[in-house]
Amino acid sequence: PGPAGSGMKDCYVRRARGLEPATPLHPSLAEVLQDTHGVMLYQEDVMQAAAHMAGMELAQADQLRRALQKHRSADIASLRAHFLQGCAEQGAHSADAIRVWEQIAGFASFAFCKSHAVTYGRMAYRTAWLKAHYPAAFLIAFLASETGYYPRRVYVEEARRLGVPILGPDVNRSASTFSAERLAGRDTAPGPLALRVGLAQVHGLSSHTLDNLLESRQQSPFLSLPDLLERSGAHRHEVDALIQCGALDAFDRTRPELLWRLHLLHTPQRRANPKSGLDLQQLQACQRTPADHPREALDAARTHTSGWAGRGLGVEHSALPRGQSALLFPTPPAQALVLPGLPDEPVLARARTEFDLLGLSPQAHPVRLFPCPADERLRIRTPHGHKDLRPVNPVACAQLNQWHRGRVTLRGWPAATRSLRTQTGQLMQFLTLEDESGLAEVVLFPEVHRRDSHRLNEQGVLCVTGVVEDHLGACTLQAERFW
């Protein structure tokens with residue numbers, strides 16, 4: 001952050017790209033700063049500059065570095081005087097000495113040591129290599145680490161762009177966090193590695209219920225909605241969220257059918273509505289769980305071996321526990337429960353519900369799911385006084401670098417935003433927009449920020465027109481208007 005704030009980072013990039021000569025602040029620093037193109041970037045550079053230009057011992061130079069880092073004003077004043085005196089003794093002009101001192105004082109308190117920078121560089125190189133060669137494994141591991149600058153949804157969309165299949169949460173397959181799952185392939189060949197959304201991503205699911213789900217399914221998978229309710233102890237609102245985000249789709253019921261059955265399971269039998277057409281036997285049938293199967297098998301054995309039509313009077317051919325009795329005549333069969341066959345919701349409606357519950361969509365990018373509020377405003381009115389500004393040249397975020405100096409329009413979902421004040425105290429903002437193609441950086445200068453920053457609070461896709469600027473190889477859109 002020190003070199004970035006003092007302008008030395010941009011200076012280093014320009015010199016590394018050959019856009020300006022690598023001239024150090026003073027000839028005595030040419031050899032010391034050769035690796036960094038004559039620019040001080042690291043804490044060691046401060047120490048070497050003080051040693052070579054002011055003749056300081058390295059111990060004194062380190063003292064200078066620590067004083068600047070800890071903002072010890074009293075020490076800094078005396079060290080400044082010592083530095084300038086040393087430069088004069090070494091034959092440096094006072095103007096050169098003051099210029100070097102100002103640069104040292106401007107960034108040394110926020111500079112990295114070289115070992116710190118090396119660690120970051122090694123990390124960046126290794127992760128870039130893993131992302132290039134093993135995108136699925138890398139991004140799944142990254143999401144599971146619960147780190148990163150952007151929301152998790154942004155990294156899920158990056159995985160989708162790199163061809164990684166995205167699987168929604170599943171009560172029998174999902175781990176607590178994001179996990180890898182191998183899809184079935186053709187013949188004997190293994191399928192691709194997919195990203196499975198974790199159950200902890202479901203909003204409203206308590207950690208207690210999550211632990212119960214993961215522990216209970218180790219004994220046996222959940223087979224039905226009543227089975228899950230009985231073994232997990234989940235509250236109704238938690239099961240409702242699991243149903244609507246797709247975590248119970250493996251039960252081979254549509255989500256409206258599962259929600260209807262959840263309603264029935266929480267309907268007390270004594271309060272069953274006669275108008276619903278459900279009697280007590282049907283409600284009991286709705287509440288069957290796998291634990292009821294042995295008892296039902298015993299009841300079936302009693303029915304088939306009882307009465308005059310059986311293999312004998314009573315249950316002489318069936319082994320029943322002591323004290324059990326059998327009916328003389330068969331029990332009339334209960335009417336089978338037939339739940340209404342409810343169609344599933346449209347794909348778009350399901351995806352929007354999943355986005356609300358998961359913070360992401362396993363099915364599609366948010367730009368496909370949510371409307372753009374600007375479209376309605378543009379339909380009902382035309383801005384006056386801005387004839388040169390229109391949502392012209394719609395481009396994808398990833399194509400921004402192809403339109404240098406061009407006026408284009410981006411439509412995207414906000415991925416990150418950062419506000420700051422200019423030297424005159426005015427607010428400006430940096431915005432990262434995302435669509436299905438990738439990310440794009442947008443800059444709102446103070447005038448645009450004052451007029452249009454409230455648009456960033458709207459739920460939906462943002463539409464912005466501006467001019468593309470290239471800064472040292474990084475293209476950004478300088479916003480002119482948010483529609």
# chains A, B, ... in the order shown; residues from 1 in each chain; ligands from 1

call {"tool": "residues_around", "arguments": {"residues": "Ala374 of chain A", "least_positions_apart": "2", "cutoff": "7 Å", "atoms": "only C-alpha atoms", "output": "PyMOL selection string"}}
result
chain A and resi 372+376-378+463+483

call {"tool": "residues_around", "arguments": {"residues": "segment 187-192 of chain A", "least_positions_apart": "4", "cutoff": "12 Å", "atoms": "only C-alpha atoms", "output": "compact mmCIF listing (two decimals) with C-alpha atoms, in the first residue's frame"}}
result
# COMPACT_ATOMS: atom_id res chain seq x y z
CA TYR A 134 -7.07 -27.70 -12.42
CA PRO A 135 -9.83 -25.08 -12.28
CA ALA A 136 -12.45 -27.30 -10.63
CA ALA A 137 -10.24 -28.60 -7.83
CA GLY A 163 -16.66 -25.20 -17.46
CA VAL A 164 -17.09 -26.60 -13.94
CA PRO A 165 -20.59 -28.11 -13.45
CA ILE A 166 -22.45 -26.53 -10.52
CA ALA A 180 -16.05 -31.79 -5.05
CA GLU A 181 -18.20 -34.48 -6.60
CA ARG A 182 -17.27 -36.70 -9.53
CA LEU A 183 -20.05 -36.98 -12.10

call {"tool": "atom_distance", "arguments": {"atom1": "atom CA of Gln219 of chain A", "atom2": "atom CA of Gly185 of chain A"}}
result
28.0 Å

call {"tool": "residues_around", "arguments": {"residues": "segment 13-20 of chain A", "least_positions_apart": "6", "cutoff": "12 Å", "atoms": "only C-alpha atoms", "output": "list in words"}}
result
Pro3, Ala4, Gly7, Gln34, Asp35, Thr36, His37, Gly38, Val39, Leu41, His471, Leu472, Gly473 and Ala474 of chain A

call {"tool": "atom_distance", "arguments": {"atom1": "atom CA of Glu158 of chain A", "atom2": "atom CA of Leu248 of chain A"}}
result
26.1 Å

call {"tool": "closest_residue", "arguments": {"among": "A:Gln43, A:Pro362, A:Pro343, A:Glu102", "to": "Ala117 of chain A", "atoms": "only C-alpha atoms"}}
result
A:Gln43

call {"tool": "residues_around", "arguments": {"residues": "His454 of chain A", "least_positions_apart": "5", "cutoff": "12 Å", "atoms": "only C-alpha atoms", "output": "PDB file with all heavy atoms, in the first residue's frame"}}
result
ATOM      1  N   GLN A 429     -16.293   6.571  -6.351  1.00  0.00           N
ATOM      2  CA  GLN A 429     -16.526   5.150  -6.070  1.00  0.00           C
ATOM      3  C   GLN A 429     -15.947   4.280  -7.173  1.00  0.00           C
ATOM      4  O   GLN A 429     -15.953   4.648  -8.352  1.00  0.00           O
ATOM      5  CB  GLN A 429     -18.031   4.894  -5.949  1.00  0.00           C
ATOM      6  CG  GLN A 429     -18.406   3.624  -5.227  1.00  0.00           C
ATOM      7  CD  GLN A 429     -19.857   3.659  -4.774  1.00  0.00           C
ATOM      8  OE1 GLN A 429     -20.645   4.498  -5.206  1.00  0.00           O
ATOM      9  NE2 GLN A 429     -20.238   2.759  -3.892  1.00  0.00           N
ATOM     10  N   LEU A 444     -16.712   5.752 -10.779  1.00  0.00           N
ATOM     11  CA  LEU A 444     -17.681   6.833 -10.665  1.00  0.00           C
ATOM     12  C   LEU A 444     -16.961   8.039 -10.085  1.00  0.00           C
ATOM     13  O   LEU A 444     -16.652   8.074  -8.889  1.00  0.00           O
ATOM     14  CB  LEU A 444     -18.845   6.455  -9.745  1.00  0.00           C
ATOM     15  CG  LEU A 444     -19.893   5.465 -10.229  1.00  0.00           C
ATOM     16  CD1 LEU A 444     -19.347   4.035 -10.233  1.00  0.00           C
ATOM     17  CD2 LEU A 444     -21.132   5.525  -9.348  1.00  0.00           C
ATOM     18  N   VAL A 448     -20.624  12.098 -11.298  1.00  0.00           N
ATOM     19  CA  VAL A 448     -21.491  10.949 -11.560  1.00  0.00           C
ATOM     20  C   VAL A 448     -21.920  10.302 -10.244  1.00  0.00           C
ATOM     21  O   VAL A 448     -23.063   9.850 -10.099  1.00  0.00           O
ATOM     22  CB  VAL A 448     -20.774   9.923 -12.457  1.00  0.00           C
ATOM     23  CG1 VAL A 448     -21.646   8.701 -12.700  1.00  0.00           C
ATOM     24  CG2 VAL A 448     -20.376  10.568 -13.778  1.00  0.00           C
ATOM     25  N   HIS A 449     -21.025  10.277  -9.264  1.00  0.00           N
ATOM     26  CA  HIS A 449     -21.366   9.684  -7.972  1.00  0.00           C
ATOM     27  C   HIS A 449     -22.500  10.441  -7.305  1.00  0.00           C
ATOM     28  O   HIS A 449     -23.433   9.836  -6.754  1.00  0.00           O
ATOM     29  CB  HIS A 449     -20.128   9.669  -7.074  1.00  0.00           C
ATOM     30  CG  HIS A 449     -20.339   8.984  -5.769  1.00  0.00           C
ATOM     31  ND1 HIS A 449     -20.823   9.646  -4.660  1.00  0.00           N
ATOM     32  CD2 HIS A 449     -20.161   7.692  -5.387  1.00  0.00           C
ATOM     33  CE1 HIS A 449     -20.928   8.801  -3.648  1.00  0.00           C
ATOM     34  NE2 HIS A 449     -20.523   7.617  -4.063  1.00  0.00           N
ATOM     35  N   GLN A 459     -32.133  -3.400  -6.400  1.00  0.00           N
ATOM     36  CA  GLN A 459     -31.984  -4.844  -6.581  1.00  0.00           C
ATOM     37  C   GLN A 459     -32.205  -5.179  -8.045  1.00  0.00           C
ATOM     38  O   GLN A 459     -33.270  -4.953  -8.591  1.00  0.00           O
ATOM     39  CB  GLN A 459     -33.022  -5.590  -5.722  1.00  0.00           C
ATOM     40  CG  GLN A 459     -33.047  -7.095  -5.922  1.00  0.00           C
ATOM     41  CD  GLN A 459     -31.867  -7.795  -5.289  1.00  0.00           C
ATOM     42  OE1 GLN A 459     -31.102  -7.185  -4.570  1.00  0.00           O
ATOM     43  NE2 GLN A 459     -31.720  -9.077  -5.543  1.00  0.00           N
ATOM     44  N   LEU A 462     -27.526  -3.737 -13.135  1.00  0.00           N
ATOM     45  CA  LEU A 462     -27.184  -2.336 -13.360  1.00  0.00           C
ATOM     46  C   LEU A 462     -26.839  -2.120 -14.826  1.00  0.00           C
ATOM     47  O   LEU A 462     -26.246  -2.984 -15.476  1.00  0.00           O
ATOM     48  CB  LEU A 462     -25.997  -1.933 -12.494  1.00  0.00           C
ATOM     49  CG  LEU A 462     -26.203  -1.990 -10.975  1.00  0.00           C
ATOM     50  CD1 LEU A 462     -24.910  -1.625 -10.264  1.00  0.00           C
ATOM     51  CD2 LEU A 462     -27.324  -1.070 -10.550  1.00  0.00           C
ATOM     52  N   ARG A 481     -23.129   7.732 -17.057  1.00  0.00           N
ATOM     53  CA  ARG A 481     -24.512   7.695 -16.594  1.00  0.00           C
ATOM     54  C   ARG A 481     -24.939   6.271 -16.251  1.00  0.00           C
ATOM     55  O   ARG A 481     -24.646   5.354 -16.997  1.00  0.00           O
ATOM     56  CB  ARG A 481     -25.472   8.274 -17.629  1.00  0.00           C
ATOM     57  CG  ARG A 481     -26.944   8.165 -17.268  1.00  0.00           C
ATOM     58  CD  ARG A 481     -27.796   9.033 -18.132  1.00  0.00           C
ATOM     59  NE  ARG A 481     -27.538  10.438 -17.904  1.00  0.00           N
ATOM     60  CZ  ARG A 481     -28.095  11.172 -16.905  1.00  0.00           C
ATOM     61  NH1 ARG A 481     -28.924  10.578 -16.061  1.00  0.00           N
ATOM     62  NH2 ARG A 481     -27.812  12.435 -16.761  1.00  0.00           N
ATOM     63  N   PHE A 482     -25.638   6.164 -15.119  1.00  0.00           N
ATOM     64  CA  PHE A 482     -26.337   4.920 -14.786  1.00  0.00           C
ATOM     65  C   PHE A 482     -27.801   5.121 -15.144  1.00  0.00           C
ATOM     66  O   PHE A 482     -28.443   6.065 -14.689  1.00  0.00           O
ATOM     67  CB  PHE A 482     -26.200   4.601 -13.274  1.00  0.00           C
ATOM     68  CG  PHE A 482     -24.899   3.971 -12.908  1.00  0.00           C
ATOM     69  CD1 PHE A 482     -23.761   4.746 -12.762  1.00  0.00           C
ATOM     70  CD2 PHE A 482     -24.802   2.611 -12.696  1.00  0.00           C
ATOM     71  CE1 PHE A 482     -22.551   4.177 -12.424  1.00  0.00           C
ATOM     72  CE2 PHE A 482     -23.590   2.018 -12.363  1.00  0.00           C
ATOM     73  CZ  PHE A 482     -22.466   2.815 -12.231  1.00  0.00           C
ATOM     74  N   TRP A 483     -28.293   4.218 -15.968  1.00  0.00           N
ATOM     75  CA  TRP A 483     -29.650   4.400 -16.465  1.00  0.00           C
ATOM     76  C   TRP A 483     -30.685   3.889 -15.470  1.00  0.00           C
ATOM     77  O   TRP A 483     -31.837   4.202 -15.548  1.00  0.00           O
ATOM     78  CB  TRP A 483     -29.803   3.678 -17.804  1.00  0.00           C
ATOM     79  CG  TRP A 483     -28.843   4.181 -18.838  1.00  0.00           C
ATOM     80  CD1 TRP A 483     -27.659   3.620 -19.186  1.00  0.00           C
ATOM     81  CD2 TRP A 483     -28.947   5.394 -19.615  1.00  0.00           C
ATOM     82  NE1 TRP A 483     -27.012   4.374 -20.131  1.00  0.00           N
ATOM     83  CE2 TRP A 483     -27.797   5.470 -20.427  1.00  0.00           C
ATOM     84  CE3 TRP A 483     -29.897   6.379 -19.690  1.00  0.00           C
ATOM     85  CZ2 TRP A 483     -27.573   6.519 -21.293  1.00  0.00           C
ATOM     86  CZ3 TRP A 483     -29.682   7.426 -20.581  1.00  0.00           C
ATOM     87  CH2 TRP A 483     -28.533   7.489 -21.364  1.00  0.00           C
TER      88      TRP A 483
END

call {"tool": "residues_around", "arguments": {"residues": "Met40 of chain A", "least_positions_apart": "5", "cutoff": "9 Å", "atoms": "only C-alpha atoms", "output": "list in words"}}
result
Pro3, Met8, Tyr12, Pro24, Leu33, Asp45, Val46, Ala49, Gln103 and Ile104 of chain A

call {"tool": "atom_distance", "arguments": {"atom1": "atom CA of Met123 of chain A", "atom2": "atom CA of Gly359 of chain A"}}
result
28.2 Å

call {"tool": "closest_residue", "arguments": {"among": "A:Leu265, A:Val442, A:Val239, A:Val461", "to": "Ser419 of chain A", "atoms": "only C-alpha atoms"}}
result
A:Val442

call {"tool": "closest_residue", "arguments": {"among": "A:Ser220, A:Gln201, A:Ser207, A:Gln423", "to": "Leu358 of chain A", "atoms": "only C-alpha atoms"}}
result
A:Gln201

call {"tool": "residues_around", "arguments": {"residues": "segment 53-63 of chain A", "least_positions_apart": "5", "cutoff": "8 Å", "atoms": "only C-alpha atoms", "output": "list of chain:residue names"}}
result
A:Ser28, A:Leu29, A:Val46, A:Met47, A:Gln48, A:Phe83, A:Leu84, A:Gln85, A:Gly86, A:Cys87, A:Ala88, A:Glu89, A:Gln90, A:Ala92

call {"tool": "write_last_selection", "arguments": {"atoms": "C-alpha atoms", "output": "CSV table (one decimal), in the first residue's frame"}}
result
chain,number,residue,atom,x,y,z
A,28,SER,CA,24.2,6.6,-5.8
A,29,LEU,CA,21.0,4.5,-5.7
A,46,VAL,CA,14.7,2.2,2.4
A,47,MET,CA,17.6,0.8,4.5
A,48,GLN,CA,19.9,0.5,1.5
A,83,PHE,CA,19.8,11.6,7.2
A,84,LEU,CA,20.1,15.1,5.6
A,85,GLN,CA,23.4,15.7,7.4
A,86,GLY,CA,24.7,12.4,6.2
A,87,CYS,CA,23.7,13.1,2.6
A,88,ALA,CA,25.5,16.4,2.8
A,89,GLU,CA,28.6,14.7,4.1
A,90,GLN,CA,28.4,12.2,1.2
A,92,ALA,CA,24.6,14.9,-2.3

call {"tool": "residues_around", "arguments": {"residues": "segment 399-412 of chain A", "least_positions_apart": "3", "cutoff": "6 Å", "atoms": "only C-alpha atoms", "output": "list in words"}}
result
Pro391, Val392, Asn393, Pro394, Val395, Ala396, Leu433, Glu434, Asp435, Val461, Leu462, Cys463, Val464, Thr465, Gly466, Val467, Val468, Glu469 and Cys475 of chain A

call {"tool": "closest_residue", "arguments": {"among": "A:Leu369, A:Cys397, A:Ala97, A:Ala200", "to": "His26 of chain A", "atoms": "only C-alpha atoms"}}
result
A:Ala97

call {"tool": "decode", "arguments": {"residues": "segment 417-428 of chain A", "atoms": "all heavy atoms", "output": "CSV table (one decimal), in the first residue's frame"}}
result
chain,number,residue,atom,x,y,z
A,417,THR,N,-17.7,-3.1,-4.3
A,417,THR,CA,-17.7,-1.6,-4.4
A,417,THR,C,-16.8,-1.0,-3.3
A,417,THR,O,-16.7,-1.6,-2.2
A,417,THR,CB,-19.1,-1.1,-4.3
A,417,THR,OG1,-19.1,0.4,-4.5
A,417,THR,CG2,-19.8,-1.4,-3.0
A,418,ARG,N,-16.2,0.1,-3.7
A,418,ARG,CA,-15.3,0.8,-2.7
A,418,ARG,C,-15.4,2.3,-2.9
A,418,ARG,O,-15.3,2.8,-4.0
A,418,ARG,CB,-13.9,0.3,-2.9
A,418,ARG,CG,-12.9,0.9,-1.9
A,418,ARG,CD,-11.5,0.2,-2.0
A,418,ARG,NE,-10.9,0.4,-3.3
A,418,ARG,CZ,-10.1,1.4,-3.6
A,418,ARG,NH1,-9.8,2.3,-2.7
A,418,ARG,NH2,-9.5,1.5,-4.8
A,419,SER,N,-15.7,3.0,-1.8
A,419,SER,CA,-15.8,4.5,-1.9
A,419,SER,C,-14.5,5.1,-1.3
A,419,SER,O,-13.9,4.5,-0.4
A,419,SER,CB,-17.0,4.9,-1.1
A,419,SER,OG,-18.2,4.4,-1.7
A,420,LEU,N,-14.2,6.3,-1.8
A,420,LEU,CA,-13.1,7.1,-1.2
A,420,LEU,C,-13.3,8.5,-1.5
A,420,LEU,O,-14.2,8.9,-2.3
A,420,LEU,CB,-11.8,6.6,-1.8
A,420,LEU,CG,-11.5,6.6,-3.3
A,420,LEU,CD1,-10.9,7.9,-3.7
A,420,LEU,CD2,-10.6,5.5,-3.7
A,421,ARG,N,-12.5,9.4,-0.9
A,421,ARG,CA,-12.6,10.8,-1.1
A,421,ARG,C,-11.4,11.3,-1.9
A,421,ARG,O,-10.3,10.9,-1.7
A,421,ARG,CB,-12.7,11.5,0.2
A,421,ARG,CG,-14.1,11.3,1.0
A,421,ARG,CD,-14.3,12.2,2.1
A,421,ARG,NE,-15.6,12.0,2.8
A,421,ARG,CZ,-16.7,12.5,2.4
A,421,ARG,NH1,-16.7,13.4,1.4
A,421,ARG,NH2,-17.8,12.2,3.0
A,422,THR,N,-11.7,12.3,-2.7
A,422,THR,CA,-10.6,12.9,-3.5
A,422,THR,C,-9.8,13.8,-2.6
A,422,THR,O,-10.2,14.1,-1.5
A,422,THR,CB,-11.2,13.6,-4.7
A,422,THR,OG1,-12.0,14.7,-4.3
A,422,THR,CG2,-12.0,12.7,-5.6
A,423,GLN,N,-8.8,14.5,-3.2
A,423,GLN,CA,-8.0,15.4,-2.4
A,423,GLN,C,-8.8,16.6,-2.0
A,423,GLN,O,-8.5,17.3,-1.0
A,423,GLN,CB,-6.8,15.8,-3.2
A,423,GLN,CG,-5.8,14.7,-3.5
A,423,GLN,CD,-4.6,15.2,-4.2
A,423,GLN,OE1,-4.6,16.3,-4.8
A,423,GLN,NE2,-3.5,14.4,-4.3
A,424,THR,N,-9.9,16.9,-2.7
A,424,THR,CA,-10.8,18.0,-2.4
A,424,THR,C,-11.9,17.6,-1.5
A,424,THR,O,-12.8,18.4,-1.2
A,424,THR,CB,-11.4,18.7,-3.7
A,424,THR,OG1,-12.1,17.7,-4.4
A,424,THR,CG2,-10.3,19.2,-4.6
A,425,GLY,N,-11.9,16.3,-1.1
A,425,GLY,CA,-13.0,15.9,-0.1
A,425,GLY,C,-14.2,15.4,-0.7
A,425,GLY,O,-15.2,15.0,0.0
A,426,GLN,N,-14.3,15.2,-2.1
A,426,GLN,CA,-15.5,14.8,-2.7
A,426,GLN,C,-15.5,13.2,-2.8
A,426,GLN,O,-14.4,12.6,-2.9
A,426,GLN,CB,-15.6,15.3,-4.1
A,426,GLN,CG,-15.6,16.8,-4.2
A,426,GLN,CD,-15.8,17.3,-5.6
A,426,GLN,OE1,-16.9,17.4,-6.2
A,426,GLN,NE2,-14.7,17.7,-6.2
A,427,LEU,N,-16.7,12.7,-2.7
A,427,LEU,CA,-16.8,11.2,-2.8
A,427,LEU,C,-16.8,10.7,-4.2
A,427,LEU,O,-17.4,11.3,-5.1
A,427,LEU,CB,-18.1,10.8,-2.1
A,427,LEU,CG,-18.1,10.5,-0.6
A,427,LEU,CD1,-19.5,10.2,-0.2
A,427,LEU,CD2,-17.2,9.3,-0.3
A,428,MET,N,-16.0,9.6,-4.4
A,428,MET,CA,-16.0,8.9,-5.7
A,428,MET,C,-16.1,7.4,-5.4
A,428,MET,O,-16.0,7.0,-4.2
A,428,MET,CB,-14.8,9.2,-6.6
A,428,MET,CG,-13.5,8.8,-5.9
A,428,MET,SD,-12.1,9.2,-7.1
A,428,MET,CE,-12.5,8.0,-8.4
